[in-house]
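Shown next, in structure tokens, is the structure this report addresses.
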Amino acid sequence: MTCALGQGLSRIPARPYSRGRSDNAGANVRLFMRRLAVLGIAGAACAALIATTRYDKTSAPGSSFGDNVIAAPATAAAPLPKQKTAFGINLSTVAYWTAERSFMNLAAGGGWSSIMGGWSEMPANRLDPRGTVLSLRPGEQAALALTRPPRSYDADLAVRCTYKGQGKVAGVATFNLRASPGRIDFIWRPDVRTAYFKIEETNPADPVRAIDCREADADPRALFDPAFVKELSSYKAVRFMDWSLANLNEAGDWSRRTPADAFIQQSRQGVAVEHMVALANQAGVDPWFTLPWKADAVYVASFARYVHEHLDPKRTAYIEVGNEIWNLDFPAARQARDEGVKLRLSADENEARMRRYAQRSIEVFTIWEQVYADRPKGIVRILSGQNAWPGLVEYALNYKDMVKHIDALSSALYFAQTVLADPKTPTADLSPIFAAIEASIPETFKTARQFKQMADARGLRYIGYEGGQHATYNGPDKTLMERLNRDPRMGDAYRRFLTGWDREFGDLLMLYHSTSPIGTTMHFGMAEHSGQPLSETPKRKAVLDAIGELPR
């Protein structure tokens with residue numbers, strides 16, 4: 001699985017504050033999870049309800065592990081020497097409901113709601129590319145959800161919002177609010193999950209815009225939360241798949257991309273490339289970019305040139321086309337299938353789809369190769385497949401001169417996906433569940449070895465684009481995911497998993513993912529919210545310990 005927003009998911013409709021509970025953020029998260037479930041992309045945060053996806057990580061449609069025997073190419077290349085082990089992280093979507101604070105501006109992950117006899121999502125055509133509400137209807141107000149600052153979990157926190165334009169502004173779930181021209185100040189209380197910047201009136205000729213909310217004592221010039229940057233600096237690489245919203249399959253027109261000066265970066269076009277590069281430079285990590293499937297040549301070349309000109313030359317840019325083209329739960333995969341069939345790349349839909357994947361990858365990588373002609377080792381070109389179905393990606397690997405245009409083969413190494421498949425599984429005692437979780441790790445490595453063999457036979461690196469536990473549960477115990485993911489034994493399972501990767505494979509493994517609240521059916525976050533103490537995050541602690549033990 002992977003993380004991204006689904007159709008209509010770029011903004012979860014907000015709800016007003018109620019004194020009985022902090023706000024309706026819990027309901028918003030559950031709605032988000034349900035939408036994730038429909039798409040089968042349960043990664044941006046922990047799920048509350050989820051439907052079974054067509055393609056899971058442990059089985060392939062119409063095949064079994066026995067059908068996946070991989071034959072070496074007629075002329076095999078010399079395998080690469082074992083690469084140095086490194087661990088990276090997939091970032092959560094820039095959205096207030098993921099509970100990850102990445103930007104200093106708390107508005108960066110926000111979404112507008114229209115308040116008029118109820119709360120509803122503000123239509124995109126009423127916003128400009130920078131997130132500005134262009135006008136209000138008679139009797140209408142607009143509320144912008146803010147990302148929760150970590151310090152508000154422990155004590156009252158003074159927050160200051162500045163803005164440009166003319167209008168009347170206020171807040172929702174804000175206390176001791178004081179308004180002055182171009183600014184409001186308020187207190188974010190520990191019992192409030194989500195606070196809102198509210199526009200009650202705006203001048204269409206000079207609308208309220210350029211909203212910036214952060215701690216009153218924060219550096220007004222800081223782009224990213226320093227604690228977020230420091231955390232990322234522990235990793236070798238950061239994958240921006242969910243910052244790109246690759247799974248929406250909407251981006252790809254350079255003229256419509258999210259501008260760097262947009263105060264809301266939670267756009268269906270993804271976060272501005274300028275910010276991805278800036279974060280990689282500040283954290284000292286290698287960026288992993290997921291290029292939109294629909295990206296035209298202008299988009300690809302412009303993106304590549306920006307990276308080439310602004311990324312620290314000591315950093316390596318990992319690049320891929322689309323996310324999980326093997327996974328028909330995602331629009332890009334279905335588009336690849338349809339295009340492959342239309343182009344008559346094969347009478348078999350799976351083969352046609354993966355050959356089209358190869359075609360698109362060659363088209364995109366050729367542009368990057370031209371941009372990086374002066375330092376070709378500055379990029380790593382990636383082709384990815386389903387870990388449970390190694391044979392599928394061979395259709396792409398064997399297409400024309402595909403191998404000449406890639407440096408690495410990749411899969412997602414998830415374990416424990418089926419240990420709770422039976423909703424009647426007893427959950428009072430976690431010991432048998434953890435025994436099953438640990439026993440599932442060798443099975444994950446079993447098929448990963450086939451990917452490694454395919455990579456070795458072609459002189460390619462083998463890396464993991466995602467990885468970690470994937471325990472999925474649809475039974476009656478609503479506390480199971482919390483108990484499971486907060487248990488120190490989950491950290492022990494990660495230690496075994498990471499040690500096994502180092503021993504058997506080496507090279508780069510990207511964990512999935514950084515931060516998200518715990519749902520009732522699954523949870524992927526290393527932490528539940530930004531600023532959470534390390535002692536409360538056994539998975540994150542195990543990963544950071546493993547990084548600390550790697551040779552420097």
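Every chain in the structure tokens takes a letter, A first, then B, and so on in the order presented; its residues are numbered from 1, and the ligands are numbered from 1 following the presented order.
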Name the residues of region 444-535 of chain A that fall into helix (DSSP H, G or I) according to DSSP on the backbone, using the chain letters and numbers of this document, as an mmCIF file with C-alpha atoms, in the first residue's frame.
data_model
loop_
_atom_site.group_PDB
_atom_site.id
_atom_site.type_symbol
_atom_site.label_atom_id
_atom_site.label_comp_id
_atom_site.auth_asym_id
_atom_site.auth_seq_id
_atom_site.Cartn_x
_atom_site.Cartn_y
_atom_site.Cartn_z
ATOM 1 C CA THR A 444 8.579 -11.023 3.003
ATOM 2 C CA PHE A 445 12.276 -11.553 2.365
ATOM 3 C CA LYS A 446 11.536 -14.731 0.400
ATOM 4 C CA THR A 447 10.014 -12.897 -2.554
ATOM 5 C CA ALA A 448 12.329 -9.915 -2.106
ATOM 6 C CA ARG A 449 15.199 -12.284 -2.904
ATOM 7 C CA GLN A 450 13.670 -12.808 -6.320
ATOM 8 C CA PHE A 451 13.776 -9.066 -6.921
ATOM 9 C CA LYS A 452 17.404 -9.098 -5.802
ATOM 10 C CA GLN A 453 18.132 -11.911 -8.246
ATOM 11 C CA MET A 454 16.531 -9.962 -11.099
ATOM 12 C CA ALA A 455 18.552 -6.897 -10.174
ATOM 13 C CA ASP A 456 21.792 -8.857 -9.819
ATOM 14 C CA ALA A 457 21.326 -10.500 -13.205
ATOM 15 C CA LEU A 480 -6.012 -3.406 18.969
ATOM 16 C CA MET A 481 -4.067 -1.103 16.636
ATOM 17 C CA GLU A 482 -3.185 1.231 19.486
ATOM 18 C CA ARG A 483 -2.009 -1.589 21.737
ATOM 19 C CA LEU A 484 -0.145 -3.314 18.924
ATOM 20 C CA ASN A 485 1.736 -0.275 17.632
ATOM 21 C CA ARG A 486 2.554 1.130 21.051
ATOM 22 C CA PRO A 488 7.673 -2.432 22.768
ATOM 23 C CA ARG A 489 7.507 -5.772 20.949
ATOM 24 C CA MET A 490 6.609 -3.921 17.757
ATOM 25 C CA GLY A 491 9.962 -2.193 18.094
ATOM 26 C CA ASP A 492 11.577 -5.632 18.493
ATOM 27 C CA ALA A 493 9.919 -6.776 15.258
ATOM 28 C CA TYR A 494 11.331 -3.745 13.452
ATOM 29 C CA ARG A 495 14.792 -4.480 14.789
ATOM 30 C CA ARG A 496 14.601 -8.000 13.396
ATOM 31 C CA PHE A 497 13.273 -6.681 10.094
ATOM 32 C CA LEU A 498 15.990 -4.039 9.728
ATOM 33 C CA THR A 499 18.728 -6.434 10.783
ATOM 34 C CA GLY A 500 17.466 -8.925 8.207
ATOM 35 C CA TRP A 501 17.519 -6.294 5.469
ATOM 36 C CA ASP A 502 21.084 -5.372 6.367
ATOM 37 C CA ARG A 503 22.189 -8.996 6.452
ATOM 38 C CA GLU A 504 20.453 -10.244 3.311
ATOM 39 C CA LEU A 534 10.671 8.874 21.529
ATOM 40 C CA SER A 535 9.747 6.647 24.476
#
- Which of region 305-355 of chain A DSSP labels strand (DSSP E or B), written as a ChimeraX atom specification: /A:317-321
Go ahead and write the selection's residues with C-alpha atoms as a compact mmCIF listing (two decimals), in the first residue's frame.
# COMPACT_ATOMS: atom_id res chain seq x y z
CA ALA A 317 18.21 12.53 -6.74
CA TYR A 318 16.21 9.28 -6.89
CA ILE A 319 13.49 9.43 -9.55
CA GLU A 320 10.55 7.22 -10.50
CA VAL A 321 7.54 7.56 -12.78
- Message: Taking 6 positions as the minimum chain separation for residues in the same chain, which residues sit within 7 Å of Ala86 (chain A) when counting only C-alpha atoms? Answer as an MDAnalysis selection string.
- Response: chainID A and resid 236 507:509
- Provide the CA of Leu413 (chain A) to CA of Arg356 (chain A) distance in Å, to one decimal place. 24.2 Å
- Message: Need the shell around Asp422 (chain A): protein/DNA/RNA residues with any atom at most 9 Å away, counting only C-alpha atoms. Skip same-chain ones fewer than 5 positions apart. Format as a ChimeraX atom specification?
- Response: /A:473-475
Please write the residues from the selection above to a file, keeping N, CA and C atoms, as a compact mmCIF listing (two decimals), in the first residue's frame.
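Result file result35.txt:
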# COMPACT_ATOMS: atom_id res chain seq x y z
N TYR A 473 -6.46 -5.14 10.19
CA TYR A 473 -7.45 -5.80 11.04
C TYR A 473 -8.82 -5.19 10.79
N ASN A 474 -9.84 -6.05 10.68
CA ASN A 474 -11.21 -5.60 10.48
C ASN A 474 -12.16 -6.23 11.49
N GLY A 475 -11.65 -6.55 12.67
CA GLY A 475 -12.46 -7.18 13.69
C GLY A 475 -13.05 -6.19 14.67
